[in-house]
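The file work28.cif contains mmCIF, C-alpha atoms:
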```cif
data_my_file
#
loop_
_atom_site.label_atom_id
_atom_site.label_comp_id
_atom_site.auth_asym_id
_atom_site.auth_seq_id
_atom_site.Cartn_x
_atom_site.Cartn_y
_atom_site.Cartn_z
CA MET A 235 0.00 0.00 0.00
CA LYS A 236 1.35 3.39 -1.00
CA LYS A 237 1.53 5.69 1.98
CA LYS A 238 0.05 9.21 1.85
CA ASN A 239 0.61 12.44 3.73
CA TYR A 240 -2.40 14.27 5.14
CA ALA A 241 -3.13 17.73 6.48
CA ILE A 242 -5.61 18.22 9.30
CA ILE A 243 -6.90 21.80 9.37
CA VAL A 244 -8.50 22.58 12.72
CA ALA A 245 -11.28 25.13 12.25
CA ALA A 246 -14.05 24.32 14.72
CA GLY A 247 -13.56 27.49 16.83
CA LYS A 248 -16.24 30.11 17.38
CA GLY A 249 -14.23 33.33 17.31
CA LYS A 250 -15.42 34.23 20.82
CA ARG A 251 -12.39 36.39 21.58
CA MET A 252 -13.16 38.47 18.51
CA GLY A 253 -16.82 38.84 19.38
CA ALA A 254 -17.59 37.82 15.80
CA ASP A 255 -20.99 36.50 14.75
CA ILE A 256 -19.36 33.79 12.63
CA ASN A 257 -16.35 31.55 12.82
CA LYS A 258 -13.30 33.76 12.20
CA ILE A 259 -12.17 31.52 9.34
CA TYR A 260 -15.00 32.99 7.23
CA LEU A 261 -14.00 36.62 7.79
CA LYS A 262 -12.97 38.31 4.57
CA LEU A 263 -9.24 38.97 4.20
CA GLY A 264 -8.78 40.94 1.02
CA ASP A 265 -11.32 39.40 -1.32
CA LYS A 266 -11.44 35.88 0.16
CA PRO A 267 -12.31 34.21 3.47
CA VAL A 268 -9.36 33.48 5.77
CA ILE A 269 -9.76 29.72 5.39
CA VAL A 270 -9.41 29.87 1.61
CA TYR A 271 -5.83 31.17 1.92
CA THR A 272 -5.04 28.37 4.35
CA LEU A 273 -6.44 25.67 2.07
CA GLU A 274 -4.72 27.11 -0.99
CA SER A 275 -1.34 26.95 0.76
CA PHE A 276 -1.80 23.27 1.56
CA CYS A 277 -2.85 22.64 -2.02
CA GLN A 278 0.44 24.23 -3.12
CA ALA A 279 2.43 21.89 -0.86
CA THR A 280 3.76 19.05 -3.00
CA GLU A 281 4.20 16.80 0.06
CA ILE A 282 0.50 16.81 1.01
CA ASP A 283 -1.85 14.38 -0.73
CA GLU A 284 -5.20 15.09 0.91
CA ILE A 285 -6.73 17.58 3.35
CA VAL A 286 -9.09 17.03 6.26
CA ILE A 287 -10.86 20.08 7.69
CA VAL A 288 -12.41 19.79 11.13
CA LEU A 289 -15.54 21.91 11.61
CA SER A 290 -18.43 22.16 14.04
CA SER A 291 -21.38 20.09 12.85
CA GLU A 292 -23.62 23.11 12.22
CA GLU A 293 -21.08 24.67 9.85
CA LYS A 294 -20.79 21.83 7.36
CA GLY A 295 -23.44 23.16 4.98
CA TYR A 296 -22.16 26.74 5.22
CA PHE A 297 -18.59 25.63 4.49
CA GLU A 298 -19.71 23.62 1.48
CA ARG A 299 -21.71 26.55 0.05
CA GLU A 300 -19.37 29.44 0.85
CA VAL A 301 -15.98 27.74 0.38
CA LEU A 302 -16.04 24.46 -1.53
CA GLU A 303 -18.62 25.59 -4.10
CA LYS A 304 -17.18 29.07 -4.62
CA TYR A 305 -13.47 28.26 -4.75
CA SER A 306 -11.59 25.47 -6.46
CA PHE A 307 -8.96 23.39 -4.68
CA SER A 308 -6.54 21.04 -6.38
CA LYS A 309 -6.66 18.41 -3.62
CA PRO A 310 -9.50 16.49 -1.98
CA VAL A 311 -10.98 18.24 1.08
CA LEU A 312 -12.81 15.98 3.55
CA ILE A 313 -15.02 17.54 6.25
CA VAL A 314 -14.91 15.98 9.73
CA GLU A 315 -16.99 17.01 12.74
CA GLY A 316 -15.05 18.65 15.56
CA GLY A 317 -15.22 18.10 19.30
CA GLU A 318 -15.73 20.26 22.38
CA GLU A 319 -12.03 21.09 22.64
CA ARG A 320 -9.31 21.56 20.02
CA GLN A 321 -7.63 18.37 21.15
CA MET A 322 -10.77 16.34 20.52
CA SER A 323 -11.17 17.99 17.12
CA VAL A 324 -7.65 16.92 16.16
CA TYR A 325 -8.34 13.41 17.45
CA ASN A 326 -11.50 13.21 15.35
CA GLY A 327 -9.46 14.26 12.32
CA LEU A 328 -6.84 11.62 13.03
CA MET A 329 -9.47 8.91 13.42
CA ALA A 330 -10.93 9.86 10.02
CA LEU A 331 -7.66 9.13 8.22
CA PRO A 332 -7.38 5.85 6.30
CA ASP A 333 -4.81 3.13 6.91
CA ASP A 334 -2.43 4.60 4.35
CA ALA A 335 -1.61 7.65 6.53
CA ASP A 336 2.13 8.24 6.87
CA ILE A 337 2.87 11.87 7.84
CA VAL A 338 0.23 14.21 9.29
CA ALA A 339 0.54 18.02 9.32
CA ILE A 340 -1.81 19.62 11.87
CA HIS A 341 -2.57 23.29 11.28
CA ASP A 342 -4.79 26.04 12.64
CA GLY A 343 -7.37 27.14 10.08
CA ALA A 344 -6.93 30.73 11.25
CA ARG A 345 -3.25 30.83 10.17
CA PRO A 346 -3.71 31.89 6.53
CA PHE A 347 -0.10 32.87 5.82
CA VAL A 348 1.48 29.45 6.04
CA THR A 349 3.17 28.68 2.72
CA GLY A 350 3.44 25.54 0.67
CA ASP A 351 7.20 25.60 1.23
CA MET A 352 6.75 25.69 5.01
CA VAL A 353 4.41 22.72 4.83
CA ASP A 354 6.80 20.77 2.60
CA ARG A 355 9.74 21.47 4.90
CA SER A 356 7.73 20.32 7.91
CA VAL A 357 6.72 17.05 6.23
CA ALA A 358 10.30 16.34 5.15
CA ALA A 359 11.55 17.05 8.66
CA ALA A 360 8.85 14.87 10.26
CA ARG A 361 9.87 12.04 7.98
CA GLU A 362 13.39 12.35 9.40
CA TYR A 363 12.69 13.21 13.06
CA GLY A 364 9.17 11.90 13.72
CA ALA A 365 7.87 15.12 15.26
CA VAL A 366 8.49 18.77 14.31
CA VAL A 367 6.86 22.10 15.07
CA MET A 368 7.14 25.42 13.30
CA ALA A 369 8.27 28.18 15.64
CA THR A 370 10.01 31.56 15.77
CA PRO A 371 12.49 32.99 18.27
CA VAL A 372 10.81 35.16 20.90
CA LYS A 373 11.57 38.87 20.42
CA ASP A 374 10.39 40.19 23.79
CA THR A 375 11.79 39.60 27.24
CA ILE A 376 9.45 37.11 28.97
CA LYS A 377 8.65 37.34 32.67
CA GLU A 378 7.15 34.60 34.79
CA VAL A 379 4.52 36.11 37.08
CA GLY A 380 3.46 34.83 40.48
CA GLU A 381 0.74 35.85 42.89
CA ASN A 382 -0.57 39.43 42.87
CA PHE A 383 1.16 40.00 39.52
CA TYR A 384 4.67 40.23 40.95
CA ILE A 385 7.49 38.95 38.72
CA SER A 386 8.87 35.66 40.00
CA SER A 387 11.57 35.17 37.35
CA THR A 388 12.94 36.39 34.04
CA LEU A 389 13.27 33.65 31.45
CA ASN A 390 16.28 33.31 29.17
CA ARG A 391 15.06 34.72 25.87
CA ASP A 392 17.80 32.93 23.92
CA ARG A 393 16.07 29.63 24.67
CA LEU A 394 12.48 30.70 24.04
CA TRP A 395 10.54 30.05 20.83
CA ALA A 396 6.93 30.91 20.03
CA VAL A 397 5.28 27.78 18.69
CA GLN A 398 3.15 27.92 15.54
CA THR A 399 1.58 25.40 13.22
CA PRO A 400 1.89 23.26 11.21
CA GLN A 401 2.96 20.72 13.79
CA THR A 402 3.86 17.64 11.82
CA PHE A 403 4.26 14.03 12.94
CA SER A 404 4.43 10.45 11.85
CA TYR A 405 0.87 9.16 12.04
CA GLU A 406 1.83 6.32 14.38
CA LEU A 407 3.41 8.73 16.86
CA ILE A 408 0.69 11.37 16.97
CA ILE A 409 -2.20 8.90 17.22
CA ARG A 410 -0.36 7.16 20.08
CA ALA A 411 0.15 10.51 21.82
CA HIS A 412 -3.53 11.42 21.52
CA GLU A 413 -4.77 8.04 22.66
CA GLU A 414 -2.50 8.11 25.70
CA ALA A 415 -3.70 11.63 26.57
CA LYS A 416 -7.31 10.48 26.22
CA ARG A 417 -6.65 7.51 28.48
CA GLN A 418 -5.11 9.74 31.15
CA GLY A 419 -7.61 12.58 30.80
CA VAL A 420 -4.88 15.03 29.79
CA VAL A 421 -5.80 18.16 27.80
CA ALA A 422 -3.07 20.27 26.19
CA THR A 423 -3.10 23.43 24.10
CA ASP A 424 -1.07 21.91 21.28
CA ASP A 425 -0.22 18.51 19.84
CA SER A 426 3.52 18.62 20.46
CA THR A 427 2.87 18.72 24.22
CA LEU A 428 1.16 15.34 23.97
CA VAL A 429 4.17 13.91 22.13
CA GLU A 430 6.51 15.38 24.73
CA ARG A 431 4.48 13.61 27.44
CA LEU A 432 5.43 10.31 25.82
CA GLY A 433 9.09 11.20 26.30
CA GLU A 434 9.58 11.53 22.54
CA PRO A 435 11.78 14.35 21.15
CA VAL A 436 10.18 17.15 19.14
CA LYS A 437 12.30 19.11 16.67
CA ILE A 438 11.92 22.88 16.22
CA LEU A 439 11.74 24.06 12.62
CA ARG A 440 12.08 27.79 12.04
CA GLY A 441 8.85 29.31 10.80
CA SER A 442 7.89 32.86 9.83
CA TYR A 443 6.75 35.89 11.80
CA ASP A 444 4.11 36.32 9.10
CA ASN A 445 2.54 33.00 10.10
CA ILE A 446 0.18 34.66 12.58
CA LYS A 447 -2.94 33.15 14.09
CA ILE A 448 -5.95 35.41 13.71
CA THR A 449 -7.52 35.68 17.16
CA THR A 450 -8.42 39.36 17.63
CA TRP A 451 -9.49 42.26 15.41
CA GLU A 452 -5.99 43.66 15.77
CA ASP A 453 -4.74 40.45 14.15
CA MET A 454 -7.04 41.12 11.19
CA LEU A 455 -5.47 44.56 10.74
CA LEU A 456 -2.01 42.99 10.79
CA ALA A 457 -3.18 40.29 8.38
CA GLU A 458 -4.36 42.92 5.89
CA GLN A 459 -0.92 44.52 6.02
CA ILE A 460 0.85 41.19 5.51
CA LEU A 461 -1.42 40.48 2.55
CA LEU A 462 -0.64 43.91 1.09
CA ASN A 463 3.11 43.38 1.53
CA ARG A 464 2.93 40.00 -0.20
CA SER A 465 1.03 41.47 -3.14
CA LYS A 466 3.91 43.90 -3.73
CA LYS A 467 6.54 41.15 -4.00
#
```

Output the structure of this file as structure tokens.
Amino acid sequence: MKKKNYAIIVAAGKGKRMGADINKIYLKLGDKPVIVYTLESFCQATEIDEIVIVLSSEEKGYFEREVLEKYSFSKPVLIVEGGEERQMSVYNGLMALPDDADIVAIHDGARPFVTGDMVDRSVAAAREYGAVVMATPVKDTIKEVGENFYISSTLNRDRLWAVQTPQTFSYELIIRAHEEAKRQGVVATDDSTLVERLGEPVKILRGSYDNIKITTWEDMLLAEQILLNRSKK
């Protein structure tokens, strides 16, 4: 059986922090919804064979009408129902993959500025190392804060990286990490944490400061500027 590489795009969020009436992935960035840019980048990645997008159950029809029917994508896009938490949504996506899954790139739907090259580099690195995450060096000095908002320590900035997605893994490793977390009742904010809990090493792969996650309206303003800058290149 020929093995395939899959992308799981996690997009079941509600945009609560933005106070938006709709899922933030449908907000217009330039002339297209945010999620269209994300999907187009994964279609441009030569290492990805098929795409799974994880959505809330009530959004399936809307996504089909407003995205799949209005825009064309060069790779198959399978819709999977999400869970209550991001971790469960990823797990649902993993369980939907067929037996031929080899490498899996997990990405936030609200990160529209990932590039096909970044995805390809992450898949190649995961093939070598088993687990890799895109990240960028932290620019600011980071303080650890204790009770009453007093600083308890200053962390060494030279060793700090801000983690992004895609986070890319061998299928065997990431499904094992999720199943172990489920067994223990562990919930984490990203997939690499679950792999770390197994005692497995996770490689950092340098990403891009443009690869922002749209969470607030200020992020949308920044996204418009990034889009403008890219159009000038």

- Point (3.8, 28.5, 8.7) neighbourhood (8 Å, all atoms listed in the file) written as a VMD selection string: chain A and resid 345 347 to 349 352 to 353 368 398 to 400 441 to 442 444 to 445

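Our summary of the geometry notes that atom CA of Lys294 of chain A is positioned 8.2 Å from atom CA of Glu315 of chain A.
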
- Task: Pick out the residues sitting within 8 Å of segment 357-362 of chain A, and hand them over as a PyMOL selection string; count only C-alpha atoms, and ignore anything fewer than 3 positions along from it in its own chain.
- Result: chain A and resi 281+337-339+353-354+365-366+402-404

- Task: For atom CA of Arg393 of chain A and atom CA of Asp425 of chain A, quote the distance in Å rounded to one decimal.
- Result: 20.3 Å

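Applied to this file, the PyMOL selection byres ((chain A and resi 413) around 12) selects Gln321, Met322, Val324, Tyr325, Asn326, Leu328, Met329, Glu406, Leu407, Ile408, Ile409, Arg410, Ala411, His412, Glu414, Ala415, Lys416, Arg417, Gln418, Gly419, Val420, Val421, Asp425, Leu428, Val429, Arg431 and Leu432 of chain A.
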
Name the residues captured by the PyMOL selection byres ((chain A and resi 447) around 8) when it is applied to the shown file; answer as a PDB file with C-alpha atoms, in the coordinates of the input.
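File written: result-v6.pdb
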```
ATOM      1  CA  ASP A 342      -4.790  26.040  12.640  1.00  0.00           C
ATOM      2  CA  ALA A 344      -6.930  30.730  11.250  1.00  0.00           C
ATOM      3  CA  ARG A 345      -3.250  30.830  10.170  1.00  0.00           C
ATOM      4  CA  PRO A 346      -3.710  31.890   6.530  1.00  0.00           C
ATOM      5  CA  ASN A 445       2.540  33.000  10.100  1.00  0.00           C
ATOM      6  CA  ILE A 446       0.180  34.660  12.580  1.00  0.00           C
ATOM      7  CA  ILE A 448      -5.950  35.410  13.710  1.00  0.00           C
ATOM      8  CA  THR A 449      -7.520  35.680  17.160  1.00  0.00           C
ATOM      9  CA  ASP A 453      -4.740  40.450  14.150  1.00  0.00           C
TER      10      ASP A 453
END
```

- Would you kindly translate the PyMOL selection byres ((chain A and resi 245) around 12) into the concrete residues it picks from this file, as a ChimeraX atom specification? /A:242-244,246-249,256-260,268-270,272-273,286-291,293-294,297,313-317,319-321,323-324,327,340-346,447-448

Would you give the centre and edge lengths, in Å to one decimal, of a box along x, y and z around the listed atoms of segment 377-380 of chain A, with 8 Å added to each side, as lines of an AutoDock Vina configuration file?
```
center_x = 6.1
center_y = 36.0
center_z = 36.6
size_x = 21.2
size_y = 18.7
size_z = 23.8
```

- Expressed in Å to a single decimal, how great is the separation between atom CA of Lys262 of chain A and atom CA of Gly295 of chain A? 18.4 Å

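Closest approach to Ile285 of chain A from the set A:Val379, A:Ala241, A:Leu263, A:Leu302 is made by A:Ala241, with distances taken over all atoms listed in the file.
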
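Proximity to Leu261 of chain A was assessed for A:Glu300, A:Gln278, A:Tyr305, A:Glu378 counting all atoms listed in the file; the smallest distance is recorded for A:Glu300.
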
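For Ser308 of chain A, the list of residues within 12 Å, based on all atoms listed in the file and with local chain neighbours fewer than 2 positions off taken out, reads Leu273, Glu274, Ser275, Phe276, Cys277, Gln278, Ala279, Thr280, Ile282, Asp283, Glu284, Ile285, Leu302, Tyr305, Ser306, Pro310 and Val311 of chain A.
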
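In this comparison, which uses only C-alpha atoms, the residue of A:Val397, A:Asp351, A:Pro332, A:Lys266 approaching Val301 of chain A most closely is A:Lys266.
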
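Nearest-residue note for Asp334 of chain A: choosing from A:Asn239, A:Lys304, A:Trp451, A:Gly364, the minimum distance belongs to A:Asn239, counting all atoms listed in the file.
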
Can you tell me, as a PDB file with C-alpha atoms, in the coordinates of the input, what residues are no more than 9 Å from Arg440 of chain A when counting all atoms listed in the file, ignoring any on the same chain fewer than 2 positions away?
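Result saved to selection-v3.pdb:
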```pdb
ATOM      1  CA  VAL A 367       6.860  22.100  15.070  1.00  0.00           C
ATOM      2  CA  MET A 368       7.140  25.420  13.300  1.00  0.00           C
ATOM      3  CA  ALA A 369       8.270  28.180  15.640  1.00  0.00           C
ATOM      4  CA  THR A 370      10.010  31.560  15.770  1.00  0.00           C
ATOM      5  CA  PRO A 371      12.490  32.990  18.270  1.00  0.00           C
ATOM      6  CA  ILE A 438      11.920  22.880  16.220  1.00  0.00           C
ATOM      7  CA  SER A 442       7.890  32.860   9.830  1.00  0.00           C
TER       8      SER A 442
END
```
